[in-house]
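Data block for final39.tsv (TSV, C-alpha atoms (C1' of nucleotides)):
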```tsv
chain	number	residue	atom	x	y	z
A	1	MET	CA	44.80	23.59	19.97
A	2	ALA	CA	44.17	20.79	17.60
A	3	THR	CA	40.72	20.53	19.05
A	4	THR	CA	39.51	19.95	15.51
A	5	ARG	CA	36.34	18.15	16.37
A	6	THR	CA	34.25	17.04	13.50
A	7	PRO	CA	33.21	20.19	11.65
A	8	LYS	CA	29.60	19.16	11.40
A	9	PRO	CA	26.30	20.98	11.26
A	10	ARG	CA	25.87	21.89	14.89
A	11	GLU	CA	22.90	24.00	13.95
A	12	GLY	CA	20.25	21.36	13.67
A	13	ALA	CA	21.36	19.75	16.90
A	14	GLN	CA	19.51	22.38	18.89
A	15	GLU	CA	16.30	21.70	17.10
A	16	LEU	CA	16.60	17.98	17.65
A	17	HIS	CA	17.39	18.31	21.33
A	18	ARG	CA	14.48	20.61	21.80
A	19	ALA	CA	12.37	17.90	20.26
A	20	GLY	CA	13.76	15.40	22.70
A	21	LEU	CA	15.84	13.55	20.13
A	22	LYS	CA	19.53	12.78	20.19
A	23	ALA	CA	21.47	14.64	17.53
A	24	THR	CA	22.62	11.71	15.45
A	25	LEU	CA	24.12	11.88	11.99
A	26	PRO	CA	21.18	10.43	10.10
A	27	ARG	CA	18.76	12.74	11.82
A	28	LEU	CA	20.87	15.80	11.13
A	29	LYS	CA	21.25	14.85	7.49
A	30	ILE	CA	17.56	14.33	6.98
A	31	LEU	CA	16.61	17.45	8.86
A	32	HIS	CA	18.99	19.42	6.71
A	33	MET	CA	17.65	18.06	3.50
A	34	LEU	CA	14.12	19.01	4.40
A	35	GLU	CA	15.13	22.41	5.74
A	36	SER	CA	17.12	23.28	2.63
A	37	GLY	CA	13.81	23.86	0.94
A	38	GLU	CA	15.24	22.78	-2.37
A	39	HIS	CA	12.68	20.01	-2.54
A	40	PRO	CA	9.94	20.89	-0.10
A	41	HIS	CA	7.98	17.69	-0.62
A	42	LEU	CA	9.82	14.40	-0.42
A	43	SER	CA	8.83	10.80	0.07
A	44	ALA	CA	10.83	8.54	2.35
A	45	GLU	CA	12.20	6.80	-0.74
A	46	GLU	CA	13.28	10.08	-2.24
A	47	VAL	CA	15.02	11.19	0.93
A	48	TYR	CA	16.77	7.84	1.01
A	49	GLN	CA	17.89	8.05	-2.62
A	50	ARG	CA	19.16	11.58	-2.26
A	51	LEU	CA	21.21	10.62	0.76
A	52	ARG	CA	22.72	7.69	-1.07
A	53	ASN	CA	23.52	9.84	-4.09
A	54	THR	CA	25.41	12.10	-1.72
A	55	GLY	CA	27.41	9.13	-0.62
A	56	GLU	CA	25.74	8.95	2.77
A	57	ASP	CA	25.19	5.57	4.30
A	58	VAL	CA	21.79	5.47	5.90
A	59	GLY	CA	19.26	2.70	5.85
A	60	LEU	CA	15.79	3.07	4.41
A	61	ALA	CA	14.34	1.87	7.69
A	62	THR	CA	16.12	4.70	9.47
A	63	VAL	CA	14.73	7.24	7.05
A	64	TYR	CA	11.21	6.04	7.74
A	65	ARG	CA	11.83	5.98	11.48
A	66	VAL	CA	13.35	9.42	11.60
A	67	LEU	CA	10.68	11.00	9.46
A	68	THR	CA	8.01	9.54	11.70
A	69	GLN	CA	9.80	10.87	14.75
A	70	PHE	CA	9.98	14.30	13.17
A	71	VAL	CA	6.27	14.19	12.51
A	72	ASP	CA	5.55	13.15	16.09
A	73	ALA	CA	7.80	15.94	17.30
A	74	GLY	CA	5.88	18.45	15.23
A	75	LEU	CA	8.89	19.34	13.12
A	76	VAL	CA	7.53	17.83	9.96
A	77	ILE	CA	4.16	17.33	8.31
A	78	ARG	CA	3.14	14.16	6.56
A	79	HIS	CA	0.88	14.17	3.52
A	80	HIS	CA	-1.04	11.40	1.85
A	81	PHE	CA	-1.54	12.37	-1.74
A	82	GLU	CA	-4.21	10.45	-3.58
A	83	GLY	CA	-3.13	6.86	-3.91
A	84	ASP	CA	0.47	7.91	-3.75
A	85	ARG	CA	3.13	7.13	-1.21
A	86	MET	CA	3.33	9.55	1.68
A	87	VAL	CA	5.40	12.69	1.37
A	88	PHE	CA	7.01	14.84	4.04
A	89	GLU	CA	7.55	18.54	4.38
A	90	MET	CA	9.01	20.83	7.05
A	91	ASP	CA	6.36	22.36	9.26
A	92	ALA	CA	7.02	26.01	8.61
A	93	GLY	CA	4.12	27.07	10.75
A	94	GLY	CA	1.78	28.61	8.24
A	95	HIS	CA	-0.88	26.06	7.38
A	96	HIS	CA	-1.59	25.47	3.72
A	97	ASP	CA	-3.21	23.01	1.38
A	98	HIS	CA	-1.88	21.47	-1.80
A	99	MET	CA	-2.57	21.30	-5.48
A	100	MET	CA	-0.79	18.68	-7.52
A	101	CYS	CA	-0.29	18.37	-11.24
A	102	VAL	CA	-1.44	14.95	-12.34
A	103	LYS	CA	0.86	15.08	-15.33
A	104	CYS	CA	4.18	16.08	-13.81
A	105	GLY	CA	3.69	15.71	-10.08
A	106	LYS	CA	4.55	19.31	-9.40
A	107	VAL	CA	3.06	20.55	-6.14
A	108	PHE	CA	1.68	24.02	-5.51
A	109	GLU	CA	0.70	25.31	-2.13
A	110	PHE	CA	-2.15	27.61	-1.27
A	111	HIS	CA	-4.09	28.87	1.68
A	112	ASP	CA	-7.67	30.00	1.65
A	113	PRO	CA	-9.13	31.29	4.92
A	114	ALA	CA	-12.64	31.18	3.50
A	115	ILE	CA	-12.40	27.47	2.82
A	116	GLU	CA	-10.96	26.85	6.26
A	117	GLU	CA	-13.81	28.71	7.85
A	118	ARG	CA	-16.46	26.81	5.92
A	119	GLN	CA	-14.86	23.55	6.93
A	120	ARG	CA	-15.09	24.53	10.56
A	121	GLN	CA	-18.73	25.38	10.12
A	122	VAL	CA	-19.56	22.18	8.32
A	123	ALA	CA	-17.91	20.11	11.03
A	124	GLU	CA	-19.66	21.97	13.77
A	125	ARG	CA	-23.03	21.62	12.12
A	126	ALA	CA	-22.49	17.86	11.97
A	127	GLY	CA	-21.61	17.71	15.64
A	128	PHE	CA	-17.97	16.95	14.98
A	129	VAL	CA	-14.95	18.20	16.84
A	130	MET	CA	-12.65	18.66	13.88
A	131	GLU	CA	-9.08	17.62	14.50
A	132	GLU	CA	-7.60	17.98	11.08
A	133	HIS	CA	-8.42	18.07	7.44
A	134	ALA	CA	-6.90	17.15	4.14
A	135	LEU	CA	-7.63	19.15	1.04
A	136	TYR	CA	-5.91	18.22	-2.16
A	137	LEU	CA	-6.68	19.53	-5.60
A	138	TYR	CA	-5.58	17.62	-8.68
A	139	GLY	CA	-5.29	19.01	-12.16
A	140	VAL	CA	-3.03	19.97	-14.99
A	141	CYS	CA	-0.54	22.74	-14.36
A	142	GLU	CA	0.15	25.60	-16.72
A	143	GLY	CA	3.41	24.13	-17.95
A	144	MET	CA	1.86	20.81	-18.93
A	145	LYS	CA	-1.17	22.32	-20.60
A	146	LYS	CA	0.87	23.33	-23.62
A	147	SER	CA	4.46	22.21	-23.63
A	148	GLY	CA	3.59	18.79	-22.42
A	149	LYS	CA	6.73	18.94	-20.38
A	150	CYS	CA	7.26	20.43	-17.00
A	151	SER	CA	10.37	21.75	-15.37
A	152	LYS	CA	9.65	20.05	-12.09
A	153	LYS	CA	10.03	16.45	-11.09
B	1	MET	CA	-47.21	-5.60	-5.10
B	2	ALA	CA	-43.77	-5.91	-3.69
B	3	THR	CA	-41.52	-3.52	-5.56
B	4	THR	CA	-38.72	-4.45	-3.20
B	5	ARG	CA	-35.21	-5.50	-4.12
B	6	THR	CA	-34.97	-8.17	-6.74
B	7	PRO	CA	-33.64	-11.28	-5.09
B	8	LYS	CA	-31.88	-12.26	-8.28
B	9	PRO	CA	-30.14	-9.12	-9.55
B	10	ARG	CA	-30.91	-9.30	-13.24
B	11	GLU	CA	-31.21	-5.57	-13.20
B	12	GLY	CA	-27.55	-4.81	-12.91
B	13	ALA	CA	-26.78	-6.61	-16.17
B	14	GLN	CA	-27.97	-3.60	-18.12
B	15	GLU	CA	-25.68	-1.30	-16.19
B	16	LEU	CA	-22.71	-3.55	-16.72
B	17	HIS	CA	-23.30	-3.94	-20.44
B	18	ARG	CA	-23.66	-0.23	-20.81
B	19	ALA	CA	-20.26	0.04	-19.15
B	20	GLY	CA	-18.83	-2.43	-21.62
B	21	LEU	CA	-18.49	-5.24	-19.12
B	22	LYS	CA	-19.83	-8.75	-19.29
B	23	ALA	CA	-22.55	-9.42	-16.78
B	24	THR	CA	-20.78	-12.04	-14.71
B	25	LEU	CA	-21.87	-13.33	-11.34
B	26	PRO	CA	-19.09	-11.71	-9.30
B	27	ARG	CA	-19.70	-8.37	-10.93
B	28	LEU	CA	-23.43	-8.50	-10.36
B	29	LYS	CA	-22.95	-9.47	-6.74
B	30	ILE	CA	-20.52	-6.66	-6.07
B	31	LEU	CA	-22.57	-4.09	-7.94
B	32	HIS	CA	-25.58	-5.12	-5.98
B	33	MET	CA	-23.84	-4.86	-2.65
B	34	LEU	CA	-22.72	-1.34	-3.39
B	35	GLU	CA	-26.06	-0.31	-4.80
B	36	SER	CA	-28.00	-1.62	-1.83
B	37	GLY	CA	-26.76	1.41	0.04
B	38	GLU	CA	-26.73	-0.50	3.28
B	39	HIS	CA	-23.02	0.18	3.63
B	40	PRO	CA	-22.20	3.04	1.31
B	41	HIS	CA	-18.46	2.94	1.96
B	42	LEU	CA	-16.67	-0.38	1.69
B	43	SER	CA	-13.09	-1.48	1.29
B	44	ALA	CA	-12.19	-4.31	-1.05
B	45	GLU	CA	-11.59	-6.52	1.96
B	46	GLU	CA	-14.98	-5.69	3.38
B	47	VAL	CA	-16.73	-6.45	0.10
B	48	TYR	CA	-14.85	-9.72	-0.02
B	49	GLN	CA	-15.76	-10.67	3.55
B	50	ARG	CA	-19.39	-9.82	3.09
B	51	LEU	CA	-19.61	-11.95	-0.01
B	52	ARG	CA	-18.02	-14.89	1.78
B	53	ASN	CA	-20.38	-14.49	4.72
B	54	THR	CA	-23.22	-14.76	2.24
B	55	GLY	CA	-21.75	-18.02	1.07
B	56	GLU	CA	-20.59	-16.59	-2.23
B	57	ASP	CA	-17.40	-17.93	-3.70
B	58	VAL	CA	-15.42	-15.03	-5.12
B	59	GLY	CA	-11.72	-14.43	-4.94
B	60	LEU	CA	-10.20	-11.38	-3.33
B	61	ALA	CA	-8.32	-10.66	-6.53
B	62	THR	CA	-11.58	-10.58	-8.41
B	63	VAL	CA	-13.05	-8.13	-5.95
B	64	TYR	CA	-10.12	-5.80	-6.45
B	65	ARG	CA	-10.27	-6.20	-10.22
B	66	VAL	CA	-13.98	-5.61	-10.44
B	67	LEU	CA	-13.93	-2.59	-8.19
B	68	THR	CA	-11.19	-1.05	-10.28
B	69	GLN	CA	-13.17	-1.74	-13.44
B	70	PHE	CA	-16.21	-0.11	-11.91
B	71	VAL	CA	-14.15	2.94	-11.07
B	72	ASP	CA	-12.75	3.10	-14.59
B	73	ALA	CA	-16.27	2.75	-15.95
B	74	GLY	CA	-17.43	5.65	-13.83
B	75	LEU	CA	-19.88	3.53	-11.86
B	76	VAL	CA	-18.00	3.76	-8.62
B	77	ILE	CA	-15.82	6.27	-6.80
B	78	ARG	CA	-12.66	5.36	-4.98
B	79	HIS	CA	-11.57	7.16	-1.83
B	80	HIS	CA	-8.24	7.21	-0.06
B	81	PHE	CA	-8.87	8.06	3.54
B	82	GLU	CA	-5.85	9.25	5.47
B	83	GLY	CA	-3.37	6.43	5.66
B	84	ASP	CA	-6.19	3.94	5.43
B	85	ARG	CA	-6.97	1.35	2.84
B	86	MET	CA	-9.06	2.57	-0.06
B	87	VAL	CA	-12.81	2.49	0.13
B	88	PHE	CA	-15.40	2.38	-2.63
B	89	GLU	CA	-18.79	3.93	-3.04
B	90	MET	CA	-21.41	4.02	-5.80
B	91	ASP	CA	-21.24	7.14	-7.89
B	92	ALA	CA	-24.73	8.43	-7.31
B	93	GLY	CA	-24.04	11.56	-9.27
B	94	GLY	CA	-24.30	14.17	-6.58
B	95	HIS	CA	-20.79	15.09	-5.57
B	96	HIS	CA	-19.98	15.25	-1.89
B	97	ASP	CA	-17.04	15.29	0.48
B	98	HIS	CA	-16.43	13.25	3.59
B	99	MET	CA	-15.93	13.65	7.26
B	100	MET	CA	-14.63	10.72	9.23
B	101	CYS	CA	-14.62	10.04	12.95
B	102	VAL	CA	-11.09	9.20	14.03
B	103	LYS	CA	-12.43	7.23	16.98
B	104	CYS	CA	-14.99	4.99	15.40
B	105	GLY	CA	-14.42	5.30	11.67
B	106	LYS	CA	-17.94	6.46	11.00
B	107	VAL	CA	-18.22	8.44	7.80
B	108	PHE	CA	-20.46	11.44	7.24
B	109	GLU	CA	-21.04	13.05	3.90
B	110	PHE	CA	-21.51	16.69	3.15
B	111	HIS	CA	-21.59	19.09	0.29
B	112	ASP	CA	-20.69	22.74	0.42
B	113	PRO	CA	-21.06	24.75	-2.78
B	114	ALA	CA	-19.12	27.63	-1.30
B	115	ILE	CA	-16.08	25.49	-0.72
B	116	GLU	CA	-16.36	24.02	-4.20
B	117	GLU	CA	-16.47	27.45	-5.69
B	118	ARG	CA	-13.43	28.66	-3.78
B	119	GLN	CA	-11.50	25.62	-4.89
B	120	ARG	CA	-12.30	26.38	-8.48
B	121	GLN	CA	-11.08	29.93	-8.02
B	122	VAL	CA	-7.89	28.89	-6.28
B	123	ALA	CA	-7.05	26.45	-9.06
B	124	GLU	CA	-7.78	28.97	-11.75
B	125	ARG	CA	-5.66	31.60	-10.08
B	126	ALA	CA	-2.76	29.17	-10.03
B	127	GLY	CA	-3.17	28.41	-13.72
B	128	PHE	CA	-4.43	24.91	-13.10
B	129	VAL	CA	-7.12	23.01	-14.94
B	130	MET	CA	-8.66	21.26	-11.99
B	131	GLU	CA	-9.65	17.68	-12.63
B	132	GLU	CA	-10.65	16.56	-9.21
B	133	HIS	CA	-10.25	17.26	-5.57
B	134	ALA	CA	-10.21	15.42	-2.30
B	135	LEU	CA	-11.48	17.01	0.86
B	136	TYR	CA	-11.55	14.98	4.00
B	137	LEU	CA	-12.25	16.23	7.48
B	138	TYR	CA	-11.20	14.21	10.48
B	139	GLY	CA	-12.50	14.61	13.98
B	140	VAL	CA	-14.53	13.12	16.78
B	141	CYS	CA	-18.20	12.48	16.12
B	142	GLU	CA	-20.99	13.33	18.50
B	143	GLY	CA	-21.45	9.79	19.65
B	144	MET	CA	-17.81	9.34	20.61
B	145	LYS	CA	-17.52	12.65	22.39
B	146	LYS	CA	-19.47	11.37	25.37
B	147	SER	CA	-20.37	7.71	25.30
B	148	GLY	CA	-17.00	6.67	24.03
B	149	LYS	CA	-18.80	4.13	21.95
B	150	CYS	CA	-20.34	4.57	18.56
B	151	SER	CA	-23.08	2.64	16.88
B	152	LYS	CA	-21.19	2.39	13.65
B	153	LYS	CA	-18.29	0.18	12.67
C	1	DC	C1'	-30.25	-24.77	-28.30
C	2	DC	C1'	-24.86	-25.52	-29.24
C	3	DG	C1'	-20.21	-24.25	-29.95
C	4	DG	C1'	-16.09	-21.29	-30.29
C	5	DT	C1'	-13.67	-17.69	-28.52
C	6	DA	C1'	-12.39	-13.93	-26.00
C	7	DA	C1'	-13.30	-12.21	-21.65
C	8	DC	C1'	-13.37	-13.54	-16.94
C	9	DT	C1'	-12.24	-15.94	-12.66
C	10	DG	C1'	-9.85	-18.00	-8.44
C	11	DA	C1'	-5.69	-19.26	-6.24
C	12	DA	C1'	-1.23	-18.56	-5.60
C	13	DA	C1'	2.79	-15.92	-6.39
C	14	DA	C1'	4.65	-11.37	-6.93
C	15	DT	C1'	5.05	-6.41	-5.71
C	16	DC	C1'	5.41	-2.45	-3.07
C	17	DA	C1'	5.40	0.57	0.59
C	18	DA	C1'	6.04	0.69	5.25
C	19	DT	C1'	7.27	-1.51	9.72
C	20	DC	C1'	9.63	-4.46	12.78
C	21	DT	C1'	13.60	-7.25	14.74
C	22	DC	C1'	17.94	-7.51	16.56
C	23	DA	C1'	22.85	-7.40	16.88
C	24	DA	C1'	26.18	-3.90	16.26
C	25	DA	C1'	27.29	1.03	16.53
C	26	DT	C1'	26.92	5.53	18.62
C	27	DG	C1'	25.77	9.62	21.54
C	28	DA	C1'	25.91	11.82	25.76
C	29	DA	C1'	26.66	11.97	30.46
C	30	DA	C1'	29.66	10.80	34.31
D	1	DT	C1'	37.36	6.98	28.87
D	2	DT	C1'	33.69	3.94	30.45
D	3	DT	C1'	29.14	3.12	30.61
D	4	DC	C1'	24.54	2.38	29.05
D	5	DA	C1'	20.46	3.65	26.90
D	6	DT	C1'	19.40	5.05	22.38
D	7	DT	C1'	19.85	4.59	17.63
D	8	DT	C1'	21.13	2.43	13.46
D	9	DG	C1'	21.41	-0.81	9.22
D	10	DA	C1'	20.28	-4.94	7.01
D	11	DG	C1'	17.17	-8.03	6.32
D	12	DA	C1'	12.88	-10.24	7.56
D	13	DT	C1'	7.98	-9.18	7.92
D	14	DT	C1'	3.59	-7.39	7.22
D	15	DG	C1'	-0.49	-5.96	4.82
D	16	DA	C1'	-2.60	-4.18	0.98
D	17	DT	C1'	-2.97	-4.46	-3.81
D	18	DT	C1'	-1.56	-6.48	-8.36
D	19	DT	C1'	-0.18	-9.88	-11.53
D	20	DT	C1'	0.12	-14.49	-13.48
D	21	DC	C1'	-1.87	-18.30	-15.35
D	22	DA	C1'	-4.59	-22.31	-16.11
D	23	DG	C1'	-9.22	-23.41	-15.86
D	24	DT	C1'	-14.30	-21.15	-16.45
D	25	DT	C1'	-17.95	-18.64	-18.36
D	26	DA	C1'	-20.67	-15.27	-20.93
D	27	DC	C1'	-22.27	-14.10	-25.23
D	28	DC	C1'	-22.38	-13.97	-30.38
D	29	DG	C1'	-23.36	-16.69	-34.46
D	30	DG	C1'	-25.31	-20.58	-36.42
```

Go through the file and emit its structure as structure tokens.
Amino acid sequence: MATTRTPKPREGAQELHRAGLKATLPRLKILHMLESGEHPHLSAEEVYQRLRNTGEDVGLATVYRVLTQFVDAGLVIRHHFEGDRMVFEMDAGGHHDHMMCVKCGKVFEFHDPAIEERQRQVAERAGFVMEEHALYLYGVCEGMKKSGKCSKK
Amino acid sequence: MATTRTPKPREGAQELHRAGLKATLPRLKILHMLESGEHPHLSAEEVYQRLRNTGEDVGLATVYRVLTQFVDAGLVIRHHFEGDRMVFEMDAGGHHDHMMCVKCGKVFEFHDPAIEERQRQVAERAGFVMEEHALYLYGVCEGMKKSGKCSKK
DNA sequence: CCGGTAACTGAAAATCAATCTCAAATGAAA
DNA sequence: TTTCATTTGAGATTGATTTTCAGTTACCGG
């Protein structure tokens, strides 16, 4: 009766196994954090800090390793914002590009089929087989335009 | 009469002064290298190496400093290719985006007014004041598709 | 043409993000 | 459980870029 095994998040385990990864604690924790959607875009450092703040004991190296594995497994997408450290985000399927506020770091997402199509055409015209693209817009978000302070970040 | 490149770049001095910078040897050398257009996209390391190969005696730190000053002065544009080191290019005025071969590193330039316009619209719709954007396409260039070897890089 | 002075430079040290190393810990399968 | 390959954490390492600082150099005034 007292089969009280650790009452842990068995949910994510499936996902990890499907990806060919053992369902270890660090991996489950990180997967959870990204899936929660509370902070869709996180750097390795940020993931690390948040885990620590929650009292978890994971190494920074592990965070980097795991995030890279998630990217390789197609679970997560990695972004390289201008000059910034890299940030990670769950791959929810629907492709989208990003717009970042240079004042507060807030990130907006958007998708524009017309732009996508033009990109394809441009690549083709140049004799390229396009594999991927990175489109980032930088500017000042509504909140920062006036108030000078932004809710996010 | 030979209107070719001035062997001793006294020309650049004007440009530097206009930018509020003293016309020092390292700066003139670097400006010249970028202006020559022989290699439109160069990393700090590459600029440094090329200078050394020409027998010039400049420090790597100086190359980095000068390039950053040029960027701040609006003379040069800095790019951050996916995960790569940053590369610099003269700001010739006409804006353009880049397409890079993931096999050989060759860089193509292109400009698509339609894409630019859509970007502006997207930003506006999101309440952003767009300041800049970065659009990079990655793929396999014509040369690499077949031969497996590319003239460039 | 000749200083004086602030700007500039090179070399070495410092930073910073990201990766690697390796012994210890852990997951999963028998 | 027992085993064994995988995974982890801490710290060392790398590689790019930045900073520090003492020694130059460019440029303005005389």

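Distance criterion 10 Å to chain A, applied with only C-alpha atoms (C1' of nucleotides), yields DA17, DA18, DT19, DC20, DT26, DG27 and DA28 of chain C on chain C.
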
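A straight line drawn from atom CA of B:Val71 to atom CA of A:Arg118 is 29.4 Å long.
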
Using all atoms listed in the file, select each residue of chain B with any atom at most 12 Å away from an atom of chain A, and give the selection as a short mmCIF file (atom, residue, chain, number, x, y, z; two decimals) with C-alpha atoms, keeping the file's coordinate frame.
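Below is the file iface25.cif, written as the result:
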```
data_model
loop_
_atom_site.label_atom_id
_atom_site.label_comp_id
_atom_site.auth_asym_id
_atom_site.auth_seq_id
_atom_site.Cartn_x
_atom_site.Cartn_y
_atom_site.Cartn_z
CA ARG B 78 -12.66 5.36 -4.98
CA HIS B 79 -11.57 7.16 -1.83
CA HIS B 80 -8.24 7.21 -0.06
CA PHE B 81 -8.87 8.06 3.54
CA GLU B 82 -5.85 9.25 5.47
CA GLY B 83 -3.37 6.43 5.66
CA ASP B 84 -6.19 3.94 5.43
CA ARG B 85 -6.97 1.35 2.84
CA MET B 86 -9.06 2.57 -0.06
CA VAL B 87 -12.81 2.49 0.13
CA ASP B 97 -17.04 15.29 0.48
CA HIS B 98 -16.43 13.25 3.59
CA MET B 99 -15.93 13.65 7.26
CA MET B 100 -14.63 10.72 9.23
CA CYS B 101 -14.62 10.04 12.95
CA VAL B 102 -11.09 9.20 14.03
CA LYS B 103 -12.43 7.23 16.98
CA LYS B 106 -17.94 6.46 11.00
CA VAL B 107 -18.22 8.44 7.80
CA PHE B 108 -20.46 11.44 7.24
CA GLU B 109 -21.04 13.05 3.90
CA PHE B 110 -21.51 16.69 3.15
CA HIS B 111 -21.59 19.09 0.29
CA ASP B 112 -20.69 22.74 0.42
CA PRO B 113 -21.06 24.75 -2.78
CA ALA B 114 -19.12 27.63 -1.30
CA ILE B 115 -16.08 25.49 -0.72
CA GLU B 116 -16.36 24.02 -4.20
CA GLU B 117 -16.47 27.45 -5.69
CA ARG B 118 -13.43 28.66 -3.78
CA GLN B 119 -11.50 25.62 -4.89
CA ARG B 120 -12.30 26.38 -8.48
CA GLN B 121 -11.08 29.93 -8.02
CA VAL B 122 -7.89 28.89 -6.28
CA ALA B 123 -7.05 26.45 -9.06
CA GLU B 124 -7.78 28.97 -11.75
CA ARG B 125 -5.66 31.60 -10.08
CA ALA B 126 -2.76 29.17 -10.03
CA GLY B 127 -3.17 28.41 -13.72
CA PHE B 128 -4.43 24.91 -13.10
CA VAL B 129 -7.12 23.01 -14.94
CA MET B 130 -8.66 21.26 -11.99
CA GLU B 131 -9.65 17.68 -12.63
CA GLU B 132 -10.65 16.56 -9.21
CA HIS B 133 -10.25 17.26 -5.57
CA ALA B 134 -10.21 15.42 -2.30
CA LEU B 135 -11.48 17.01 0.86
CA TYR B 136 -11.55 14.98 4.00
CA LEU B 137 -12.25 16.23 7.48
CA TYR B 138 -11.20 14.21 10.48
CA GLY B 139 -12.50 14.61 13.98
CA VAL B 140 -14.53 13.12 16.78
CA CYS B 141 -18.20 12.48 16.12
CA GLU B 142 -20.99 13.33 18.50
CA GLY B 143 -21.45 9.79 19.65
CA MET B 144 -17.81 9.34 20.61
CA LYS B 145 -17.52 12.65 22.39
CA LYS B 146 -19.47 11.37 25.37
#
```

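With chain A fixed and chain B moved onto it by least squares, the Cα RMSD over every paired residue reaches 4.0 Å.
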
Q.
Based on all atoms listed in the file, which of the residues in chain D come within 12 Å of chain B? I want them as a VMD selection string.
A. chain D and resid 15 to 20 24 to 27

Q: Identify, on the basis of all atoms listed in the file, every residue whose closest approach to D:DC21 does not exceed 12 Å; exclude the query and any residue fewer than 6 positions from it along the same chain; express the result as a list in words.
A: DT9, DG10, DA11, DA12 and DA13 of chain C

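Look at B:Glu35: the protein and nucleic acid residues within 12 Å of it, using only C-alpha atoms (C1' of nucleotides) and passing over chain neighbours fewer than 6 places away, are B:Arg5, B:Pro9, B:Glu11, B:Gly12, B:Glu15, B:Arg27, B:Leu28, B:Lys29, B:His41, B:Leu42, B:Leu75, B:Val76, B:Phe88, B:Glu89, B:Met90, B:Asp91, B:Ala92.
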
Listed atoms of stretch 19-27 of chain C, axis-aligned box, 6 Å per side: centre and edge lengths to one decimal in Å, as lines of an AutoDock Vina configuration file?
```
center_x = 17.3
center_y = 1.1
center_z = 15.6
size_x = 32.0
size_y = 29.1
size_z = 23.8
```

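One finds atom CA of B:Met33 at 19.4 Å from atom CA of B:Gly94.
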